[in-house]
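Read through the structure below, which is laid out as structure tokens, and then see the notes.
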Amino acid sequence: MRTLNEDGLLESKNTVMRKLPCLMSLHPGNAVRSFRALLILFALSFMWIGLAANNTGAQVVIDITKGNVDPLPIAIPPFVGDGNQAKIARDIAAVVEADLRRSGLFKPIAHGAFIEKISNPDATPRFADWKIINALALVTGRVSREADGRLRTEFRLWDVFGAEQMAGQQFFTTNKNWRRVAHIIADAIYEKITGEKGYFDTRIVFVSESGPKSKRKKRLAIMDQDSANLRYLTNGNDLVLTPRFSPLRQEITYMSFSGGQPRVYLLNIDSGQREIVGNFPNMTFSPRFSPDGQRVIISLQQDANANLYTMDLRSRRTTRLTSTSAIDTSPSYSPDGSKIVFESDRGGRQQLYVMGAGGGGAQRISFGTGSYSTPVWSPRGDLIAFTKQSGGKFLIGVMKPDGSRERILTEGFHNEGPTWAPNGRTIMFFRETPGANGGPKLYSIDLTGYNEQLVKTPGFASDPAWSPLLE
């Protein structure tokens with residue numbers, strides 16, 4: 001059972017999701033093995049890199065960093081709901097379907113093709129009816145009202161060809177949190193089938209831009225990863241740049257020209273409380289949290305150069321990490337906090353460098369043509385995303401932390417600012433369109449270099465930052 005309070009947060013750390021008592025438990029060799037073995041037969045073009053049977057059943061790992069992945073046919077009928085719960089039930093199923101479709105790994109089947117109408121989610125589906133329409137997986141669910149007024153949502157994931165139930169869970173929350181429940185269900189389905197953590201129960205903070213190109217009003221905004229529940233965090237009176245999420249709390253750091261003075265701020269998203277990280281005498285850039293959330297790393301300008309500093313958020317003590325006559329900026333920690341990647345023109349052109357988290361010697365890792373900027377370490381630690389300018393184009397790419405296996409995912413007139421989904425499988429960035437009426441928009445793309453999608457925002461948008469999974 002997972003219970004969400006009125007703020008959408010877990011009421012108890014110990015009340016983790018559990019299967020409904022009436023739902024069957026998977027046993028080694030049952031649903032997981034049959035379903036995932038079927039996935040292998042179906043998806044010969046998938047980049048499967050392993051099928052290992054052990055005491056906990058078979059495990060399929062999809063390497064989505066190579067090639068195109070054919071989406072998995074999945075059927076998601078409207079969830080069952082009585083009376084006032086009927087609309088919410090339909091809406092939850094629709095959000096689950098939209099989340100999975102947007103990932104590029106699933107292909108929800110059109111409802112018009114359904115033969116069986118699900119009226120009792122507790123009953124075993126007529127698997128033959130779902131096989132006919134080539135569904136490999138089926139999701140059924142119900143929404144009901146508890147005596148205390150809470151919303152109860154149940155779902156089941158079925159292996160159609162194996163005629164087995166793969167998963168079943170229930171959730172309790174208030175009405176206003178129904179979308180979060182939908183995202184959590186989508187995450188559970190994504191993880192069960194792919195073996196990877198989902199990323200749907202997350203938020204995006206970004207710079208919302210409005211007004212004429214010569215005089216843009218920039219406000220901090222936040223929304224769910226599917227563009228729902230948008231709200232503004234600042235009023236637009238001051239220029240804001242480079243918002244970044246804390247890895248541990250619903251808190252962001254960003255730069256603002258408040259009163260004409262550039263400052264780095266901390267903002268608690270839920271309470272709205274804002275505080276200054278520090279009053280630095282010169283321009284500060286690119287604030288970003290350490291993985292433990294206890295420090296902020298920044299680039300501080302001094303005359304014509306810029307160096308990297310960290311500030312302990314408790315003691316407010318600063319530590320200088322670089323000391324060069326170059327411009328060192330855009331730092332990003334490795335997930336274990338042991339290293340930092342950053343951009344520097346110390347070699348004559350912007351390139352990427354890696355050094356220990358305490359400073360010291362830095363090793364250059366980018367050697368391709370053009371210049372490199374805005375590096376961001378993947379949450380998995382296996383890749384670094386970057387912006388590359390070459391041949392008059394702006395490219396978004398990834399490379400290994402040692403600089404090997406550089407791969408370009410997308411290119412455009414002006415692409416910049418990559419940010420990782422918390423599972424390290426999808427990247428969001430912004431793309432500027434040319435012309436007097438042009439402006440930046442947010443896009444997402446997966447590590448295959450396919451499935452590029454526009455992320456809907458009310459107007460122009462830049463500098464996205466992806467939150468961790470919500471608690």
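Ligands are numbered from 1 in the order shown, residues from 1 within each chain, and chains are lettered A, B, ... in the order they appear in the structure tokens.
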
Can you check which parts of region 222-311 of chain A lie within 10 Å of region 337-353 of chain A? Per residue, the shortest pair of atoms and distance in Å to one decimal, counting only C-alpha atoms, sorted by chain and number, as JSON lines.
{"residue": "A:Ser290", "atom": "CA", "partner": "A:Gly337", "partner_atom": "CA", "distance": 6.6}
{"residue": "A:Pro291", "atom": "CA", "partner": "A:Gly337", "partner_atom": "CA", "distance": 5.8}
{"residue": "A:Asp292", "atom": "CA", "partner": "A:Gly337", "partner_atom": "CA", "distance": 7.7}
{"residue": "A:Ile297", "atom": "CA", "partner": "A:Ile340", "partner_atom": "CA", "distance": 9.6}
{"residue": "A:Ser299", "atom": "CA", "partner": "A:Phe342", "partner_atom": "CA", "distance": 9.9}
{"residue": "A:Asn305", "atom": "CA", "partner": "A:Asp345", "partner_atom": "CA", "distance": 9.8}
{"residue": "A:Ala306", "atom": "CA", "partner": "A:Ser344", "partner_atom": "CA", "distance": 9.2}
{"residue": "A:Asn307", "atom": "CA", "partner": "A:Ser344", "partner_atom": "CA", "distance": 9.4}
{"residue": "A:Leu308", "atom": "CA", "partner": "A:Phe342", "partner_atom": "CA", "distance": 9.0}

Leaving out region 143-152 of chain A and any residue of its chain fewer than 5 positions from it, which residues lie within 8 Å of it when counting only C-alpha atoms, given as a PyMOL selection string? chain A and resi 79-82+85-86+88-89+170-175

Those residues you just picked out, can you put them in a file as a PDB file, in the first residue's frame with C-alpha atoms?
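Saved file selection.pdb follows:
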ATOM      1  CA  PHE A  79     -10.218   1.778 -15.575  1.00  0.00           C
ATOM      2  CA  VAL A  80     -13.503   0.834 -13.926  1.00  0.00           C
ATOM      3  CA  GLY A  81     -15.116   3.397 -11.630  1.00  0.00           C
ATOM      4  CA  ASP A  82     -18.574   3.737 -10.167  1.00  0.00           C
ATOM      5  CA  GLN A  85     -15.231   7.899  -9.704  1.00  0.00           C
ATOM      6  CA  ALA A  86     -15.935   6.973 -13.347  1.00  0.00           C
ATOM      7  CA  ILE A  88     -11.231   9.923 -12.572  1.00  0.00           C
ATOM      8  CA  ALA A  89     -10.862   6.226 -13.438  1.00  0.00           C
ATOM      9  CA  GLN A 170      -3.170  -0.441  -4.852  1.00  0.00           C
ATOM     10  CA  PHE A 171      -2.782   3.180  -3.813  1.00  0.00           C
ATOM     11  CA  PHE A 172      -4.675   5.533  -1.502  1.00  0.00           C
ATOM     12  CA  THR A 173      -4.709   9.304  -1.850  1.00  0.00           C
ATOM     13  CA  THR A 174      -6.900  12.388  -2.038  1.00  0.00           C
ATOM     14  CA  ASN A 175      -8.714  13.410  -5.198  1.00  0.00           C
TER      15      ASN A 175
END

If you count only C-alpha atoms, which residues fall within 7 Å of Thr242 (chain A), apart from same-chain ones fewer than 6 positions away, as a list in words? Tyr254, Met255, Ser286 and Asp463 of chain A

Would you export the selected residues with C-alpha atoms as a short mmCIF file (atom, residue, chain, number, x, y, z; two decimals), in the first residue's frame, please?
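Writing done, so here's again.cif:
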data_model
loop_
_atom_site.label_atom_id
_atom_site.label_comp_id
_atom_site.auth_asym_id
_atom_site.auth_seq_id
_atom_site.Cartn_x
_atom_site.Cartn_y
_atom_site.Cartn_z
CA TYR A 254 19.27 29.29 -9.52
CA MET A 255 20.89 32.58 -10.47
CA SER A 286 25.89 27.71 -13.23
CA ASP A 463 17.05 25.89 -19.17
#

Spatial neighbours of region 440-456 of chain A, max dist 10 Å, only C-alpha atoms, sep filter under 5 positions, as a tab-separated table (two decimals) with N, CA and C atoms, in the first residue's frame:
chain	number	residue	atom	x	y	z
A	63	ASP	N	19.13	-2.76	-23.87
A	63	ASP	CA	20.15	-1.74	-24.07
A	63	ASP	C	19.59	-0.71	-25.04
A	64	ILE	N	19.00	0.35	-24.51
A	64	ILE	CA	18.38	1.34	-25.38
A	64	ILE	C	19.37	2.44	-25.75
A	65	THR	N	20.65	2.22	-25.50
A	65	THR	CA	21.65	3.20	-25.92
A	65	THR	C	22.11	2.93	-27.34
A	66	LYS	N	21.64	1.84	-27.95
A	66	LYS	CA	22.05	1.51	-29.31
A	66	LYS	C	20.83	1.21	-30.16
A	67	GLY	N	20.82	1.77	-31.34
A	67	GLY	CA	19.81	1.40	-32.31
A	67	GLY	C	18.41	1.86	-31.96
A	68	ASN	N	17.46	1.49	-32.80
A	68	ASN	CA	16.06	1.84	-32.61
A	68	ASN	C	15.35	0.70	-31.90
A	69	VAL	N	14.50	1.03	-30.95
A	69	VAL	CA	13.78	0.02	-30.19
A	69	VAL	C	12.32	0.02	-30.64
A	102	ARG	N	4.67	8.05	-24.59
A	102	ARG	CA	5.69	9.09	-24.75
A	102	ARG	C	7.10	8.55	-24.53
A	103	SER	N	7.24	7.47	-23.80
A	103	SER	CA	8.56	6.89	-23.56
A	103	SER	C	9.18	6.34	-24.83
A	104	GLY	N	8.33	6.01	-25.82
A	104	GLY	CA	8.83	5.43	-27.06
A	104	GLY	C	9.04	3.93	-27.00
A	105	LEU	N	8.90	3.34	-25.80
A	105	LEU	CA	9.12	1.90	-25.65
A	105	LEU	C	7.82	1.09	-25.69
A	206	PHE	N	11.96	25.08	-15.14
A	206	PHE	CA	12.53	25.69	-16.33
A	206	PHE	C	12.32	27.20	-16.29
A	207	VAL	N	12.92	27.90	-17.25
A	207	VAL	CA	12.73	29.34	-17.38
A	207	VAL	C	11.66	29.58	-18.43
A	208	SER	N	10.54	30.13	-18.00
A	208	SER	CA	9.45	30.46	-18.91
A	208	SER	C	9.68	31.87	-19.45
A	209	GLU	N	9.60	32.00	-20.77
A	209	GLU	CA	9.91	33.27	-21.42
A	209	GLU	C	8.69	33.79	-22.17
A	225	GLN	N	6.28	16.20	-15.49
A	225	GLN	CA	7.05	15.86	-16.69
A	225	GLN	C	6.17	15.75	-17.93
A	226	ASP	N	4.85	15.61	-17.76
A	226	ASP	CA	3.95	15.56	-18.91
A	226	ASP	C	3.29	16.90	-19.18
A	227	SER	N	3.85	17.97	-18.61
A	227	SER	CA	3.42	19.36	-18.83
A	227	SER	C	2.19	19.77	-18.02
A	228	ALA	N	1.64	18.89	-17.19
A	228	ALA	CA	0.48	19.23	-16.38
A	228	ALA	C	0.91	19.98	-15.12
A	396	ILE	N	23.37	18.06	-29.50
A	396	ILE	CA	23.27	17.45	-28.17
A	396	ILE	C	23.79	16.03	-28.29
A	397	GLY	N	24.77	15.68	-27.46
A	397	GLY	CA	25.36	14.35	-27.55
A	397	GLY	C	25.70	13.80	-26.19
A	398	VAL	N	26.25	12.59	-26.20
A	398	VAL	CA	26.71	11.93	-24.98
A	398	VAL	C	28.06	11.29	-25.24
A	407	ARG	N	28.71	10.27	-29.08
A	407	ARG	CA	27.59	9.99	-29.97
A	407	ARG	C	26.63	11.18	-29.97
A	408	ILE	N	26.27	11.67	-31.15
A	408	ILE	CA	25.36	12.80	-31.27
A	408	ILE	C	23.93	12.27	-31.35
A	409	LEU	N	23.04	12.87	-30.53
A	409	LEU	CA	21.65	12.44	-30.49
A	409	LEU	C	20.76	13.30	-31.38
A	410	THR	N	21.03	14.59	-31.44
A	410	THR	CA	20.18	15.49	-32.23
A	410	THR	C	20.95	16.77	-32.53
A	414	HIS	N	19.90	25.96	-32.74
A	414	HIS	CA	20.52	26.29	-31.45
A	414	HIS	C	19.95	25.36	-30.39
A	415	ASN	N	20.61	24.25	-30.14
A	415	ASN	CA	20.26	23.32	-29.07
A	415	ASN	C	21.18	23.55	-27.88
A	416	GLU	N	20.65	23.44	-26.69
A	416	GLU	CA	21.50	23.68	-25.52
A	416	GLU	C	20.82	23.14	-24.26
A	417	GLY	N	21.62	23.06	-23.19
A	417	GLY	CA	21.10	22.80	-21.86
A	417	GLY	C	20.53	21.43	-21.60
A	418	PRO	N	21.26	20.33	-21.87
A	418	PRO	CA	20.69	19.01	-21.60
A	418	PRO	C	20.50	18.76	-20.10
A	419	THR	N	19.46	18.01	-19.77
A	419	THR	CA	19.21	17.58	-18.40
A	419	THR	C	18.68	16.15	-18.45
A	420	TRP	N	19.07	15.33	-17.48
A	420	TRP	CA	18.76	13.90	-17.50
A	420	TRP	C	17.49	13.58	-16.73
A	421	ALA	N	16.70	12.64	-17.25
A	421	ALA	CA	15.66	12.00	-16.45
A	421	ALA	C	16.35	11.21	-15.35
A	424	GLY	N	18.29	8.08	-16.17
A	424	GLY	CA	19.43	8.18	-17.07
A	424	GLY	C	19.17	7.64	-18.47
A	425	ARG	N	17.90	7.58	-18.90
A	425	ARG	CA	17.58	7.03	-20.21
A	425	ARG	C	17.00	8.06	-21.17
A	426	THR	N	16.62	9.22	-20.68
A	426	THR	CA	16.01	10.27	-21.51
A	426	THR	C	16.64	11.61	-21.16
A	427	ILE	N	16.80	12.45	-22.16
A	427	ILE	CA	17.39	13.77	-21.99
A	427	ILE	C	16.40	14.83	-22.45
A	428	MET	N	16.29	15.90	-21.70
A	428	MET	CA	15.52	17.06	-22.12
A	428	MET	C	16.49	18.20	-22.39
A	429	PHE	N	16.16	19.06	-23.35
A	429	PHE	CA	17.00	20.20	-23.70
A	429	PHE	C	16.12	21.28	-24.29
A	430	PHE	N	16.69	22.44	-24.62
A	430	PHE	CA	15.89	23.45	-25.31
A	430	PHE	C	16.50	23.79	-26.66
A	431	ARG	N	15.63	24.14	-27.58
A	431	ARG	CA	16.02	24.46	-28.95
A	431	ARG	C	15.47	25.83	-29.33
A	432	GLU	N	16.35	26.70	-29.74
A	432	GLU	CA	15.96	28.06	-30.17
A	432	GLU	C	15.63	28.04	-31.65
A	433	THR	N	14.52	28.66	-32.02
A	433	THR	CA	14.18	28.79	-33.43
A	433	THR	C	14.55	30.19	-33.91
A	434	PRO	N	15.03	30.32	-35.16
A	434	PRO	CA	15.50	31.62	-35.65
A	434	PRO	C	14.34	32.54	-36.02
A	461	ALA	N	10.36	28.52	-23.65
A	461	ALA	CA	10.91	27.90	-22.44
A	461	ALA	C	12.36	27.51	-22.68
A	462	SER	N	13.18	27.63	-21.64
A	462	SER	CA	14.60	27.30	-21.75
A	462	SER	C	15.10	26.76	-20.41
A	463	ASP	N	16.36	26.33	-20.40
A	463	ASP	CA	17.05	25.89	-19.17
A	463	ASP	C	16.25	24.89	-18.35
A	464	PRO	N	15.84	23.75	-18.92
A	464	PRO	CA	15.09	22.78	-18.12
A	464	PRO	C	15.99	22.05	-17.13

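You will find CA of Thr153 (chain A) at 12.2 Å from CA of His183 (chain A).
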
For the alpha helix (DSSP H) assignment from backbone DSSP, which residues of region 102-236 of chain A qualify? Please present them as a list in words. Arg102, Ser103, Phe127, Ala128, Asp129, Trp130, Lys131, Ile132, Trp178, Arg179, Arg180, Val181, Ala182, His183, Ile184, Ile185, Ala186, Asp187, Ala188, Ile189, Tyr190, Glu191, Lys192, Ile193 and Thr194 of chain A

Using only C-alpha atoms, please write the residues we just selected to a file, as a compact mmCIF listing (two decimals), in the first residue's frame.
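Written out: selection_38.txt:
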# COMPACT_ATOMS: atom_id res chain seq x y z
CA ARG A 102 5.69 9.09 -24.75
CA SER A 103 8.56 6.89 -23.56
CA PHE A 127 -6.64 -13.64 -23.11
CA ALA A 128 -7.66 -14.98 -26.52
CA ASP A 129 -9.44 -11.69 -27.26
CA TRP A 130 -6.26 -9.74 -26.52
CA LYS A 131 -4.03 -12.10 -28.49
CA ILE A 132 -6.12 -11.50 -31.60
CA TRP A 178 -4.92 11.33 -8.91
CA ARG A 179 -2.37 12.33 -11.57
CA ARG A 180 0.51 11.32 -9.30
CA VAL A 181 -1.07 7.92 -8.82
CA ALA A 182 -1.29 7.56 -12.61
CA HIS A 183 2.41 8.42 -12.99
CA ILE A 184 3.36 5.95 -10.24
CA ILE A 185 1.39 3.20 -11.99
CA ALA A 186 3.14 4.01 -15.29
CA ASP A 187 6.49 3.84 -13.49
CA ALA A 188 5.61 0.42 -12.05
CA ILE A 189 4.64 -0.95 -15.48
CA TYR A 190 7.75 0.53 -17.12
CA GLU A 191 10.02 -1.03 -14.49
CA LYS A 192 8.33 -4.42 -14.53
CA ILE A 193 8.66 -4.81 -18.29
CA THR A 194 11.97 -3.08 -19.03

With only C-alpha atoms as the atoms that count, which of A:Lys218, A:Arg142, A:Lys400, A:Arg320 lies nearest to Trp377 (chain A)?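 Closest candidate: A:Lys400.
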
May I have all residues of region 239-335 of chain A that DSSP, computed from the backbone, assigns to strand (DSSP E), given as a VMD selection string? chain A and resid 240 to 245 251 to 258 261 to 268 274 to 278 284 to 289 295 to 302 305 to 312 318 to 320 328 to 333

Would you mind reading off the distance between CA of Asn437 (chain A) and CA of Phe460 (chain A), one decimal, in Å?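 For CA of Asn437 (chain A) relative to CA of Phe460 (chain A), the distance reads 10.6 Å.
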